[in-house]
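Asks: Sharing data.csv (CSV, C-alpha atoms) below.
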chain,number,residue,atom,x,y,z
A,1,MET,CA,0.0,0.0,0.0
A,2,SER,CA,1.4,3.4,-0.9
A,3,SER,CA,1.5,6.3,1.5
A,4,PRO,CA,-1.2,8.9,1.5
A,5,GLU,CA,-0.6,12.0,-0.6
A,6,LEU,CA,-1.1,14.3,2.4
A,7,SER,CA,0.3,12.4,5.3
A,8,ARG,CA,0.7,14.3,8.6
A,9,PRO,CA,1.1,11.8,11.4
A,10,ILE,CA,0.3,13.2,14.9
A,11,LYS,CA,1.8,11.5,17.9
A,12,LEU,CA,-0.6,11.4,20.9
A,13,ARG,CA,2.1,12.4,23.4
A,14,ALA,CA,3.1,15.4,21.2
A,15,ILE,CA,-0.4,17.0,21.1
A,16,LYS,CA,-0.4,20.6,22.3
A,17,ASP,CA,-3.0,23.3,22.9
A,18,ASP,CA,-2.0,25.2,19.8
A,19,PRO,CA,-4.1,24.6,16.6
A,20,VAL,CA,-2.5,22.4,14.0
A,21,VAL,CA,-2.2,23.9,10.5
A,22,ILE,CA,-2.0,21.6,7.5
A,23,GLU,CA,-1.1,23.2,4.2
A,24,ALA,CA,-0.6,21.0,1.1
A,25,ASP,CA,2.4,21.8,-1.1
A,26,GLU,CA,2.3,21.7,-4.9
A,27,ALA,CA,3.3,18.0,-5.2
A,28,GLU,CA,0.8,16.9,-2.6
A,29,ARG,CA,-2.0,19.0,-4.2
A,30,GLY,CA,-1.2,17.4,-7.6
A,31,ALA,CA,-1.1,13.9,-6.3
A,32,LEU,CA,-4.3,14.4,-4.3
A,33,ALA,CA,-6.1,15.9,-7.3
A,34,ALA,CA,-5.2,12.9,-9.4
A,35,ARG,CA,-6.5,10.6,-6.6
A,36,LEU,CA,-9.8,12.5,-6.3
A,37,GLY,CA,-10.3,12.7,-10.1
A,38,ILE,CA,-10.4,16.5,-10.3
A,39,SER,CA,-8.4,18.8,-12.6
A,40,SER,CA,-6.4,20.5,-9.9
A,41,ILE,CA,-6.1,21.8,-6.4
A,42,GLN,CA,-4.8,25.4,-6.2
A,43,SER,CA,-4.8,25.6,-2.4
A,44,LEU,CA,-5.6,23.3,0.5
A,45,ARG,CA,-5.4,24.4,4.1
A,46,ALA,CA,-6.9,23.2,7.3
A,47,GLN,CA,-6.6,24.5,10.8
A,48,VAL,CA,-7.5,22.0,13.5
A,49,THR,CA,-7.7,22.1,17.3
A,50,LEU,CA,-7.0,18.7,18.9
A,51,ASP,CA,-8.5,17.7,22.2
A,52,PRO,CA,-7.2,14.5,23.6
A,53,GLU,CA,-9.1,12.4,26.2
A,54,GLY,CA,-7.2,9.2,26.9
A,55,GLY,CA,-6.7,7.5,23.5
A,56,ARG,CA,-9.6,9.4,22.0
A,57,VAL,CA,-8.8,12.7,20.2
A,58,THR,CA,-11.5,15.1,19.0
A,59,ALA,CA,-10.4,17.3,16.1
A,60,THR,CA,-12.4,20.4,15.2
A,61,GLY,CA,-11.6,23.1,12.8
A,62,ARG,CA,-12.0,24.3,9.2
A,63,LEU,CA,-10.9,23.1,5.8
A,64,HIS,CA,-10.5,25.6,3.0
A,65,ALA,CA,-9.6,24.6,-0.6
A,66,GLU,CA,-9.7,26.1,-4.0
A,67,ILE,CA,-10.1,23.4,-6.7
A,68,THR,CA,-10.8,23.1,-10.4
A,69,GLN,CA,-13.2,20.4,-11.5
A,70,ALA,CA,-15.0,19.4,-14.6
A,71,CYS,CA,-18.7,20.3,-15.0
A,72,ALA,CA,-20.9,17.3,-14.8
A,73,ILE,CA,-22.8,18.6,-17.9
A,74,SER,CA,-20.4,20.3,-20.2
A,75,PHE,CA,-17.2,18.7,-18.9
A,76,GLU,CA,-15.5,22.1,-18.9
A,77,ASP,CA,-13.2,23.0,-16.0
A,78,PHE,CA,-14.5,25.6,-13.6
A,79,PRO,CA,-13.2,26.8,-10.2
A,80,VAL,CA,-14.8,25.7,-6.9
A,81,ILE,CA,-14.2,27.0,-3.4
A,82,ILE,CA,-14.7,24.5,-0.6
A,83,ASP,CA,-15.0,25.9,3.0
A,84,GLU,CA,-16.1,23.2,5.4
A,85,GLN,CA,-16.2,22.8,9.2
A,86,LEU,CA,-14.3,19.7,10.4
A,87,ALA,CA,-15.4,17.6,13.3
A,88,LEU,CA,-13.5,14.3,13.5
A,89,VAL,CA,-12.9,11.8,16.3
A,90,PHE,CA,-9.8,9.6,16.3
A,91,VAL,CA,-10.2,6.4,18.4
A,92,PRO,CA,-7.8,3.5,19.0
A,93,ALA,CA,-8.6,0.6,16.7
A,94,GLU,CA,-8.6,-1.9,19.6
A,95,THR,CA,-11.6,-0.2,21.3
A,96,GLY,CA,-13.8,-1.9,18.7
A,97,ALA,CA,-15.0,1.4,17.3
A,98,ALA,CA,-14.2,0.3,13.8
A,99,PRO,CA,-16.4,-2.6,12.6
A,100,ALA,CA,-15.1,-5.6,10.7
A,101,PHE,CA,-15.2,-5.3,7.0
A,102,ASP,CA,-18.3,-7.4,6.5
A,103,GLU,CA,-20.1,-6.4,9.7
A,104,GLU,CA,-23.4,-4.6,9.3
A,105,ILE,CA,-23.7,-1.6,11.6
A,106,GLU,CA,-26.1,1.3,12.3
A,107,LEU,CA,-24.6,4.7,12.7
A,108,GLU,CA,-25.8,7.4,15.0
A,109,ALA,CA,-25.0,11.1,14.2
A,110,ASP,CA,-22.1,11.0,16.7
A,111,ASP,CA,-20.5,8.0,15.0
A,112,LEU,CA,-20.2,9.3,11.5
A,113,ASP,CA,-16.7,10.8,11.8
A,114,LEU,CA,-15.0,8.2,13.9
A,115,ILE,CA,-11.6,7.3,12.5
A,116,ALA,CA,-9.7,4.3,14.0
A,117,TYR,CA,-6.0,4.4,14.3
A,118,GLU,CA,-3.3,2.0,15.5
A,119,GLY,CA,-0.3,2.6,17.7
A,120,ASP,CA,0.6,5.9,19.2
A,121,SER,CA,-0.3,8.2,16.3
A,122,PHE,CA,-3.0,9.0,13.7
A,123,ASP,CA,-2.7,10.6,10.3
A,124,LEU,CA,-4.5,14.0,10.4
A,125,GLY,CA,-3.4,14.8,6.9
A,126,GLU,CA,-5.2,11.7,5.4
A,127,ALA,CA,-8.3,12.6,7.4
A,128,ILE,CA,-8.2,16.1,5.9
A,129,ALA,CA,-7.8,14.6,2.4
A,130,GLN,CA,-10.8,12.3,3.0
A,131,SER,CA,-12.8,15.3,4.3
A,132,LEU,CA,-12.0,17.2,1.1
A,133,ALA,CA,-13.1,14.2,-1.0
A,134,LEU,CA,-16.4,14.1,0.8
A,135,ALA,CA,-16.9,17.9,0.3
A,136,ILE,CA,-16.5,17.8,-3.5
A,137,ASP,CA,-19.8,17.6,-5.4
A,138,PRO,CA,-19.4,14.9,-8.1
A,139,TYR,CA,-22.3,16.4,-10.0
A,140,ALA,CA,-21.3,20.1,-9.8
A,141,GLU,CA,-22.4,22.2,-12.7
A,142,GLY,CA,-20.2,24.9,-14.1
A,143,PRO,CA,-21.3,28.2,-15.6
A,144,ASN,CA,-21.8,26.8,-19.1
A,145,ALA,CA,-24.0,23.8,-18.1
A,146,ASP,CA,-27.3,25.4,-19.3
A,147,VAL,CA,-25.7,26.2,-22.7
A,148,ALA,CA,-24.5,22.6,-23.0
A,149,ARG,CA,-28.0,21.4,-22.2
A,150,GLU,CA,-29.5,23.6,-24.8
A,151,LYS,CA,-27.0,22.5,-27.5
A,152,ALA,CA,-27.9,18.9,-26.6
A,153,GLY,CA,-31.6,19.6,-26.8
A,154,ILE,CA,-32.3,19.1,-23.2
A,155,VAL,CA,-35.0,21.5,-22.1
A,156,SER,CA,-35.1,20.6,-18.4
A,157,ASP,CA,-33.9,17.6,-16.4
A,158,ASP,CA,-37.2,17.4,-14.4
A,159,ALA,CA,-39.8,18.5,-17.0
A,160,PRO,CA,-42.6,16.0,-17.6
A,161,ARG,CA,-42.5,14.5,-21.1
A,162,GLY,CA,-44.9,12.7,-23.4
A,163,PRO,CA,-48.4,13.0,-24.8
A,164,LEU,CA,-50.0,13.8,-21.5
A,165,ALA,CA,-47.5,16.5,-20.6
A,166,GLU,CA,-48.1,18.1,-24.0
A,167,ALA,CA,-51.9,17.9,-23.6
A,168,LEU,CA,-51.6,19.6,-20.2
A,169,ALA,CA,-49.3,22.3,-21.6
A,170,ALA,CA,-51.9,23.0,-24.3
A,171,LEU,CA,-54.6,23.3,-21.7
A,172,ARG,CA,-52.6,25.7,-19.7
A,173,LYS,CA,-52.1,27.9,-22.8
A,174,ASN,CA,-55.9,28.2,-23.3
So, in terms of structure tokens, how does the structure I just supplied come out?
Replies:
Amino acid sequence: MSSPELSRPIKLRAIKDDPVVIEADEAERGALAARLGISSIQSLRAQVTLDPEGGRVTATGRLHAEITQACAISFEDFPVIIDEQLALVFVPAETGAAPAFDEEIELEADDLDLIAYEGDSFDLGEAIAQSLALAIDPYAEGPNADVAREKAGIVSDDAPRGPLAEALAALRKN
């Protein structure tokens, strides 16, 4: 297994009260953009406060990224700004917080951002990369989406079609 593009291991015993700032360099942004299937990442920065409680570490903060991705309709690149709050909880893997691969579980709201780690450190950078991946809209539409729809003859994605719709439209005109 290869190492993550944005690896920032945090040792439990080295956690301080000061916020941790993670900023991706050009090589990391390029590799992460390739992994996420987007055109580019111009900037990626996260500021996170870590609050340890035993082996459990709560991470809260903000993720800001400027990316370029392809429009889901026209396939043209367009800029997107992502500004997301972060709320993650790192827990030791041996606590049983992470289910087995084939185990069926039900998640409560507080369980959604649990990240299991092994040993005496966790990778905050990889958690930031995964948070970015979840924040990207895979069906985002760029500024030329309507023009592309018009060229393709698509009037509306949700407009009713067929003989009954045409009859109803004719009634509405009268």
Asks: Calculate how many Å separate atom CA of A:Ile10 from atom CA of A:Ser131, rounding to one decimal.
Replies: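 Here the two named atoms are 17.0 Å from each other.
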Asks: What separation in Å, quoted to one decimal, exists between atom CA of A:Glu84 and atom CA of A:Glu118?
Replies: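 Between atom CA of A:Glu84 and atom CA of A:Glu118 the gap works out to 26.7 Å.
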Asks: Which of these, A:Ser7, A:Ile136, A:Leu114, A:Leu171, has the shortest distance to A:His64 once you count all atoms listed in the file?
Replies: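 Residue with the minimum atom-to-atom distance to A:His64: A:Ile136.
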Asks: Have a look at A:Val80, A:Leu50, A:Ala133, A:Ala167 and name the one nearest to A:Asp17; count all atoms listed in the file.
Replies: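 Closest residue, counting all atoms listed in the file: A:Leu50.
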Asks: Would you work out the distance separating atom CA of A:Leu132 from atom CA of A:Gly30, expressed in Å to one decimal?
Replies: 13.9 Å
Asks: Quick one: everything within 10 Å of A:Ile67, counting all atoms listed in the file, minus sequence neighbours fewer than 4 positions away in the same chain. Send it as a list of chain:residue names.
Replies: A:Arg29, A:Ala33, A:Ile38, A:Ser39, A:Ser40, A:Ile41, A:Gln42, A:Ser43, A:Leu44, A:Asp77, A:Phe78, A:Pro79, A:Val80, A:Ile81, A:Ile82, A:Ile136
Asks: Nearest residue to A:Ala65 out of A:Val89, A:Ala46, A:Leu124, A:Ala116, using only C-alpha atoms?
Replies: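 Ranked by minimum distance to A:Ala65, first place goes to A:Ala46.
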Asks: Pick out the residues sitting within 12 Å of A:Gln130, and hand them over as JSON, numbers by chain; count only C-alpha atoms, and ignore anything fewer than 2 positions along from it in its own chain.
Replies: {"A": [4, 5, 6, 7, 32, 33, 35, 36, 63, 86, 88, 113, 115, 123, 124, 125, 126, 127, 128, 132, 133, 134, 135, 136]}
Asks: Would you please work out which residue, of A:Asp18, A:Asp137, A:Tyr117, A:Arg8, is nearest to A:Asp51 when using all atoms listed in the file?
Replies: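 Ranked by minimum distance to A:Asp51, first place goes to A:Asp18.
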Asks: When distances are computed from all atoms listed in the file, which of A:Ala59, A:Ala31, A:Ile73, A:Ala24 shows the smallest separation from A:Pro143?
Replies: A:Ile73
Asks: Which residue gives the smallest distance to A:Val21 among A:Val48, A:Ala129, A:Ala93, A:Ala34, with only C-alpha atoms counted?
Replies: A:Val48
Asks: Neighbouring residues of A:Pro52 were defined as those with any atom within 10 Å, considering all atoms listed in the file; residues of the same chain fewer than 3 positions away were excluded. Please report them as a list in words.
Replies: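 That gives Leu12, Arg13, Ile15, Lys16, Asp17, Thr49, Gly55, Arg56, Val57, Thr58, Ala59, Val89 and Phe90 of chain A.
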Asks: The selected residues should be written to file as an mmCIF file, keeping the file's coordinate frame (atoms: C-alpha atoms).
Replies:
data_model
loop_
_atom_site.group_PDB
_atom_site.id
_atom_site.type_symbol
_atom_site.label_atom_id
_atom_site.label_comp_id
_atom_site.auth_asym_id
_atom_site.auth_seq_id
_atom_site.Cartn_x
_atom_site.Cartn_y
_atom_site.Cartn_z
ATOM 1 C CA LEU A 12 -0.600 11.400 20.900
ATOM 2 C CA ARG A 13 2.100 12.400 23.400
ATOM 3 C CA ILE A 15 -0.400 17.000 21.100
ATOM 4 C CA LYS A 16 -0.400 20.600 22.300
ATOM 5 C CA ASP A 17 -3.000 23.300 22.900
ATOM 6 C CA THR A 49 -7.700 22.100 17.300
ATOM 7 C CA GLY A 55 -6.700 7.500 23.500
ATOM 8 C CA ARG A 56 -9.600 9.400 22.000
ATOM 9 C CA VAL A 57 -8.800 12.700 20.200
ATOM 10 C CA THR A 58 -11.500 15.100 19.000
ATOM 11 C CA ALA A 59 -10.400 17.300 16.100
ATOM 12 C CA VAL A 89 -12.900 11.800 16.300
ATOM 13 C CA PHE A 90 -9.800 9.600 16.300
#
